[in-house]
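input-v3.cif follows; it contains mmCIF, C-alpha atoms.
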data_entry
loop_
_atom_site.label_atom_id
_atom_site.label_comp_id
_atom_site.auth_asym_id
_atom_site.auth_seq_id
_atom_site.Cartn_x
_atom_site.Cartn_y
_atom_site.Cartn_z
CA MET F 209 51.70 -52.38 -40.43
CA ASN F 210 50.51 -53.52 -37.03
CA ILE F 211 46.93 -52.47 -36.27
CA ILE F 212 45.70 -52.01 -32.70
CA LYS F 213 42.28 -53.64 -32.38
CA THR F 214 42.12 -54.50 -28.67
CA VAL F 215 43.46 -52.39 -25.81
CA CYS F 216 43.78 -53.38 -22.17
CA VAL F 217 43.20 -50.51 -19.74
CA TYR F 218 44.50 -50.72 -16.19
CA CYS F 219 42.79 -48.25 -13.86
CA GLY F 220 41.37 -47.66 -10.41
CA SER F 221 38.32 -49.39 -8.96
CA GLY F 222 37.60 -46.02 -7.32
CA PRO F 223 36.96 -42.65 -9.03
CA GLY F 224 39.76 -40.72 -7.35
CA THR F 225 39.41 -37.17 -6.04
CA ASN F 226 39.94 -35.34 -9.34
CA PRO F 227 36.78 -35.13 -11.51
CA ARG F 228 38.98 -34.98 -14.61
CA PHE F 229 39.86 -38.64 -14.11
CA VAL F 230 36.24 -39.74 -14.59
CA GLU F 231 35.76 -37.25 -17.44
CA ALA F 232 38.80 -38.72 -19.19
CA ALA F 233 37.53 -42.27 -18.60
CA HIS F 234 34.22 -41.42 -20.27
CA ALA F 235 36.06 -39.77 -23.16
CA LEU F 236 38.35 -42.76 -23.62
CA GLY F 237 35.42 -45.17 -23.73
CA LYS F 238 33.70 -43.06 -26.38
CA ASN F 239 36.95 -42.84 -28.35
CA PHE F 240 37.41 -46.60 -28.29
CA ALA F 241 33.86 -47.27 -29.44
CA GLU F 242 34.08 -44.75 -32.29
CA ASN F 243 37.34 -46.31 -33.49
CA ASN F 244 36.17 -49.95 -33.19
CA ILE F 245 38.66 -50.71 -30.41
CA ARG F 246 37.65 -53.55 -28.11
CA LEU F 247 38.26 -52.76 -24.45
CA VAL F 248 39.83 -55.41 -22.21
CA TYR F 249 39.64 -54.47 -18.55
CA GLY F 250 39.23 -55.79 -15.03
CA GLY F 251 35.50 -56.50 -15.23
CA GLY F 252 34.14 -54.23 -12.51
CA SER F 253 31.32 -51.68 -12.68
CA VAL F 254 32.76 -49.25 -10.12
CA GLY F 255 35.32 -46.44 -10.21
CA LEU F 256 37.29 -45.62 -13.35
CA MET F 257 36.97 -49.25 -14.45
CA GLY F 258 33.22 -48.96 -14.61
CA ALA F 259 33.30 -45.48 -16.15
CA ILE F 260 35.43 -46.59 -19.10
CA ALA F 261 33.55 -49.82 -19.73
CA LYS F 262 30.09 -48.25 -19.49
CA SER F 263 31.15 -45.47 -21.84
CA VAL F 264 32.38 -47.97 -24.43
CA LEU F 265 29.06 -49.84 -24.21
CA ASP F 266 26.95 -46.66 -24.23
CA HIS F 267 28.59 -45.64 -27.50
CA GLY F 268 28.10 -49.01 -29.19
CA GLY F 269 31.51 -50.54 -28.52
CA VAL F 270 32.63 -53.98 -27.41
CA VAL F 271 34.03 -54.92 -23.99
CA THR F 272 35.75 -57.95 -22.52
CA GLY F 273 35.86 -58.06 -18.74
CA ILE F 274 38.25 -60.39 -16.93
CA ILE F 275 37.72 -60.73 -13.20
CA PRO F 276 38.76 -63.26 -10.55
CA ASP F 277 35.89 -65.01 -8.81
CA PHE F 278 36.68 -63.50 -5.41
CA LEU F 279 36.29 -59.94 -6.78
CA ARG F 280 32.98 -60.40 -8.58
CA ALA F 281 30.92 -59.11 -5.64
CA ARG F 282 33.47 -56.60 -4.31
CA GLU F 283 33.88 -54.84 -7.67
CA ASN F 284 30.30 -55.48 -8.87
CA ALA F 285 31.10 -57.31 -12.09
CA LEU F 286 29.53 -55.46 -15.02
CA THR F 287 26.89 -57.77 -16.50
CA ARG F 288 26.30 -55.63 -19.63
CA VAL F 289 29.59 -56.55 -21.27
CA GLN F 290 29.61 -58.78 -24.34
CA GLU F 291 32.18 -61.09 -22.79
CA MET F 292 32.91 -61.71 -19.11
CA ILE F 293 35.65 -64.16 -18.16
CA VAL F 294 35.83 -65.29 -14.54
CA THR F 295 39.22 -66.60 -13.44
CA SER F 296 40.28 -68.57 -10.39
CA ASN F 297 43.02 -66.13 -9.35
CA MET F 298 44.82 -62.87 -10.14
CA HIS F 299 47.65 -64.52 -12.04
CA GLU F 300 45.26 -66.13 -14.51
CA ARG F 301 43.42 -62.82 -14.89
CA LYS F 302 46.59 -60.90 -15.74
CA GLN F 303 47.77 -63.52 -18.22
CA LEU F 304 44.43 -63.48 -20.04
CA MET F 305 44.41 -59.68 -20.12
CA PHE F 306 47.83 -59.84 -21.73
CA ASP F 307 46.85 -62.56 -24.21
CA ARG F 308 43.68 -60.73 -25.30
CA SER F 309 45.31 -57.33 -25.88
CA ASP F 310 47.36 -55.60 -28.58
CA ALA F 311 48.42 -52.72 -26.30
CA PHE F 312 48.19 -51.50 -22.71
CA VAL F 313 47.09 -48.18 -21.19
CA ALA F 314 47.57 -47.26 -17.55
CA PHE F 315 44.98 -44.76 -16.34
CA PRO F 316 45.10 -43.23 -12.84
CA GLY F 317 44.73 -45.89 -10.17
CA GLY F 318 46.17 -47.41 -7.03
CA ILE F 319 48.59 -50.18 -6.14
CA GLY F 320 46.91 -52.75 -8.37
CA THR F 321 47.10 -50.45 -11.39
CA LEU F 322 50.74 -49.70 -10.64
CA GLU F 323 51.56 -53.39 -10.27
CA GLU F 324 49.93 -54.27 -13.59
CA LEU F 325 51.74 -51.46 -15.39
CA VAL F 326 55.13 -52.34 -13.94
CA GLU F 327 54.64 -56.01 -14.75
CA GLN F 328 54.10 -55.20 -18.42
CA LEU F 329 57.18 -52.97 -18.41
CA THR F 330 59.18 -55.78 -16.82
CA TRP F 331 58.01 -58.35 -19.35
CA ALA F 332 58.88 -55.97 -22.19
CA GLN F 333 62.31 -55.23 -20.72
CA LEU F 334 62.99 -58.96 -20.54
CA GLY F 335 62.01 -59.34 -24.18
CA ARG F 336 58.79 -61.27 -23.57
CA HIS F 337 56.65 -58.93 -25.69
CA ASN F 338 56.82 -55.74 -27.77
CA LYS F 339 53.23 -54.55 -27.39
CA PRO F 340 52.90 -50.78 -26.82
CA ILE F 341 52.59 -49.60 -23.19
CA LEU F 342 51.21 -46.12 -22.50
CA MET F 343 50.68 -44.10 -19.35
CA ALA F 344 47.64 -41.80 -19.57
CA ASN F 345 49.11 -38.91 -17.61
CA ILE F 346 45.79 -37.21 -16.87
CA ASP F 347 46.39 -33.97 -14.95
CA GLY F 348 49.96 -35.13 -14.34
CA PHE F 349 48.91 -38.16 -12.31
CA TRP F 350 51.94 -40.26 -13.33
CA GLU F 351 54.58 -37.52 -12.89
CA PRO F 352 55.93 -39.02 -9.61
CA LEU F 353 56.48 -42.39 -11.30
CA LEU F 354 58.07 -40.79 -14.34
CA GLY F 355 60.41 -38.98 -11.96
CA LEU F 356 61.27 -42.27 -10.26
CA ILE F 357 62.04 -43.88 -13.62
CA ASP F 358 64.37 -40.96 -14.41
CA HIS F 359 66.03 -41.54 -11.02
CA MET F 360 66.43 -45.25 -11.75
CA ARG F 361 68.09 -44.36 -15.03
CA SER F 362 70.40 -41.75 -13.52
CA THR F 363 71.52 -44.21 -10.84
CA GLU F 364 72.01 -46.87 -13.53
CA PHE F 365 69.51 -49.43 -12.24
CA ILE F 366 67.99 -48.96 -15.68
CA ARG F 367 71.20 -49.22 -17.66
CA PRO F 368 71.93 -48.26 -21.24
CA GLY F 369 70.99 -51.22 -23.43
CA LEU F 370 67.95 -52.22 -21.30
CA THR F 371 65.36 -49.98 -22.94
CA VAL F 372 61.58 -50.40 -23.01
CA ARG F 373 59.55 -47.92 -25.01
CA LEU F 374 57.25 -46.25 -22.47
CA LEU F 375 54.67 -43.98 -24.08
CA THR F 376 52.90 -41.13 -22.32
CA ALA F 377 49.85 -39.10 -23.31
CA ASN F 378 48.47 -36.09 -21.48
CA THR F 379 45.14 -36.14 -23.32
CA VAL F 380 42.73 -38.89 -24.30
CA GLU F 381 42.86 -37.80 -27.93
CA ASP F 382 46.57 -38.65 -28.11
CA ILE F 383 46.27 -42.20 -26.79
CA LEU F 384 45.19 -44.19 -29.87
CA PRO F 385 47.44 -42.34 -32.35
CA LYS F 386 50.46 -42.98 -30.13
CA LEU F 387 49.58 -46.66 -29.72
CA GLN F 388 49.08 -47.11 -33.46
CA GLU F 389 52.35 -45.33 -34.27
CA ALA F 390 54.26 -47.47 -31.78
CA ALA F 391 52.70 -50.69 -33.10
CA SER F 392 53.60 -49.73 -36.67
CA ALA F 393 57.19 -49.03 -35.64
CA VAL F 394 57.57 -52.53 -34.20
CA ALA F 395 57.34 -54.11 -37.64
CA THR F 396 60.26 -52.04 -38.94
CA ALA F 397 62.36 -51.94 -35.77
CA VAL F 398 65.86 -53.37 -35.98
CA PRO F 399 66.73 -55.47 -32.88
CA THR F 400 69.85 -54.58 -30.93
CA THR F 401 72.85 -56.88 -31.28
CA ASN F 402 72.66 -58.12 -27.69
CA GLY F 403 68.87 -58.42 -27.64
CA LYS F 404 68.58 -56.10 -24.64
CA LYS F 405 66.47 -53.02 -24.28
CA VAL F 406 66.07 -49.50 -21.70
CA ILE F 407 62.88 -47.78 -20.44
CA GLU F 408 62.49 -44.73 -22.65
CA LYS F 409 59.79 -42.13 -22.22
CA MET F 410 58.10 -41.05 -25.44
#
Please express what this file holds, its structure, as structure tokens.
Amino acid sequence: MNIIKTVCVYCGSGPGTNPRFVEAAHALGKNFAENNIRLVYGGGSVGLMGAIAKSVLDHGGVVTGIIPDFLRARENALTRVQEMIVTSNMHERKQLMFDRSDAFVAFPGGIGTLEELVEQLTWAQLGRHNKPILMANIDGFWEPLLGLIDHMRSTEFIRPGLTVRLLTANTVEDILPKLQEAASAVATAVPTTNGKKVIEKM
């Protein structure tokens, strides 16, 4: 059985306009700490990034921040974390976030969050990893993207036989159970004969 011990969270460096986003970030941080899940995140102290990380720390959890040098001042790197890794560029940051994590969660965010999420989906579709990927669909934030993925499938740009398991959770409480279930399923999954996979919403 695969056990999730470290989760990378992609999320906005701003709080967004919906107070439920920040509330959910605080709840996720508390949930991680109580379940001994190490948070890997972008290293900042502002926005949803800061809210999640500070909540993990406030509840006795462990945090790894990974931030490129040029963003340390702009995103106010959080000095309280147990581990802060400063990289020379964004590519190195993203690779380390991948290497340090057992699973990935996309919280509400902007273009950077979207890019990080889609990159993990792409890598999974190409067979480079089978780590769980989950979209935290807080107050329906990701519904437009889920609709686009359905459109890609219906127009056969995501073709049968190219599936990636894309998890969704509407509440914070559902996130860890879904990640653990998906990780456990990996060990017993039977690979397809052609080695290819499709984006499937769970």
Next on the checklist: Which residues are near Arg246 in chain F? Cut-off 9 Å, only C-alpha atoms, ignore same chain within fewer than 2 positions. Put them as a PyMOL selection string.
Outcome noted: chain F and resi 213-216+240-241+244+248+264+269-272+309
Next, dump the selected residues to file, keeping only C-alpha atoms, as a PDB file, in the coordinates of the input.
ATOM      1  CA  LYS F 213      42.280 -53.640 -32.380  1.00  0.00           C
ATOM      2  CA  THR F 214      42.120 -54.500 -28.670  1.00  0.00           C
ATOM      3  CA  VAL F 215      43.460 -52.390 -25.810  1.00  0.00           C
ATOM      4  CA  CYS F 216      43.780 -53.380 -22.170  1.00  0.00           C
ATOM      5  CA  PHE F 240      37.410 -46.600 -28.290  1.00  0.00           C
ATOM      6  CA  ALA F 241      33.860 -47.270 -29.440  1.00  0.00           C
ATOM      7  CA  ASN F 244      36.170 -49.950 -33.190  1.00  0.00           C
ATOM      8  CA  VAL F 248      39.830 -55.410 -22.210  1.00  0.00           C
ATOM      9  CA  VAL F 264      32.380 -47.970 -24.430  1.00  0.00           C
ATOM     10  CA  GLY F 269      31.510 -50.540 -28.520  1.00  0.00           C
ATOM     11  CA  VAL F 270      32.630 -53.980 -27.410  1.00  0.00           C
ATOM     12  CA  VAL F 271      34.030 -54.920 -23.990  1.00  0.00           C
ATOM     13  CA  THR F 272      35.750 -57.950 -22.520  1.00  0.00           C
ATOM     14  CA  SER F 309      45.310 -57.330 -25.880  1.00  0.00           C
TER      15      SER F 309
END
Item to check | Spatial neighbours of Leu353 in chain F, max dist 12 Å, only C-alpha atoms, sep filter under 6 positions, as a list in words | outcome: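 Contacts, in chain order: Ala314, Pro316, Leu322, Leu325, Val326, Met343, Asn345, His359, Met360, Leu374, Thr376 and Lys409 of chain F.
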Next on the checklist: Report as number ranges by chain all protein, DNA and RNA residues lying within 7 Å of range 222-237 of chain F, evaluated on all atoms listed in the file, omitting residues in the same chain fewer than 3 positions from it.
Outcome noted: F: 240-241, 254-256, 259-261, 263-264, 346, 380
Save the residues we just selected, C-alpha atoms, as a PDB file, in the frame of the given file?
ATOM      1  CA  PHE F 240      37.410 -46.600 -28.290  1.00  0.00           C
ATOM      2  CA  ALA F 241      33.860 -47.270 -29.440  1.00  0.00           C
ATOM      3  CA  VAL F 254      32.760 -49.250 -10.120  1.00  0.00           C
ATOM      4  CA  GLY F 255      35.320 -46.440 -10.210  1.00  0.00           C
ATOM      5  CA  LEU F 256      37.290 -45.620 -13.350  1.00  0.00           C
ATOM      6  CA  ALA F 259      33.300 -45.480 -16.150  1.00  0.00           C
ATOM      7  CA  ILE F 260      35.430 -46.590 -19.100  1.00  0.00           C
ATOM      8  CA  ALA F 261      33.550 -49.820 -19.730  1.00  0.00           C
ATOM      9  CA  SER F 263      31.150 -45.470 -21.840  1.00  0.00           C
ATOM     10  CA  VAL F 264      32.380 -47.970 -24.430  1.00  0.00           C
ATOM     11  CA  ILE F 346      45.790 -37.210 -16.870  1.00  0.00           C
ATOM     12  CA  VAL F 380      42.730 -38.890 -24.300  1.00  0.00           C
TER      13      VAL F 380
END
Checklist entry - Could you name the residues that touch Thr330 in chain F at 12 Å or less, counting all atoms listed in the file, but leaving out those on the same chain fewer than 4 positions away, as a ChimeraX atom specification? => result /F:323-326,334-338,341,366,370-374,405-407
Checklist entry - Using only C-alpha atoms, which of F:Ser221, F:Arg367, F:Asp266, F:Gly258 sits nearest Glu242 in chain F? => result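 The answer is F:Asp266, which sits nearest to Glu242 in chain F.
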Next on the checklist: If I take CA of Val289 in chain F and CA of Met257 in chain F, how far is one from the other in Å, to one decimal?
Outcome noted: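 About the pair CA of Val289 in chain F and CA of Met257 in chain F: they are 12.4 Å apart.
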Next on the checklist: My list of candidates is F:Trp350, F:Gly252, F:Ala285, F:Leu375. Which is closest to Gly318 in chain F when distances are computed with only C-alpha atoms?
Outcome noted: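 Closest to Gly318 in chain F, using only C-alpha atoms: F:Trp350.
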Checklist entry - From the list F:Glu300, F:Gln333, F:Arg282, F:Phe306, which residue is nearest Pro368 in chain F when using all atoms listed in the file? => result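 Smallest separation from Pro368 in chain F among the options: F:Gln333.
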Checklist entry - What gap, in Å, lies between CA of Asn284 in chain F and CA of Asn297 in chain F? => result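 Taking CA of Asn284 in chain F as the start and CA of Asn297 in chain F as the end point, the length is 16.6 Å.
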Checklist entry - Which residue, F:Gly369, F:Gly317, F:Gly251, F:Pro340, has the smallest gap to Arg301 in chain F when you use all atoms listed in the file? => result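 Of F:Gly369, F:Gly317, F:Gly251, F:Pro340, the one nearest Arg301 in chain F, counting all atoms listed in the file, is F:Gly251.
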Item to check | Shortest interatomic distance to Arg308 in chain F - which of F:Leu265, F:Leu279, F:Ala393, F:Ile293, counting all atoms listed in the file | outcome: F:Ile293
Checklist entry - Nearest to Ala344 in chain F: which of F:Leu286, F:Tyr218, F:Leu356, F:Asp277 is it, counting only C-alpha atoms? => result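 Checking each candidate against Ala344 in chain F, we get F:Tyr218 as the closest.
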Checklist entry - Excluding same-chain residues fewer than 3 positions from Glu381 in chain F, what lies within 8 Å of it counting all atoms listed in the file, as a ChimeraX atom specification? => result /F:236,239,384-385
Item to check | Two-atom distance - CA of Leu387 in chain F, CA of Ile275 in chain F (Å) | outcome: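 One can read the CA of Leu387 in chain F to CA of Ile275 in chain F distance as 24.7 Å.
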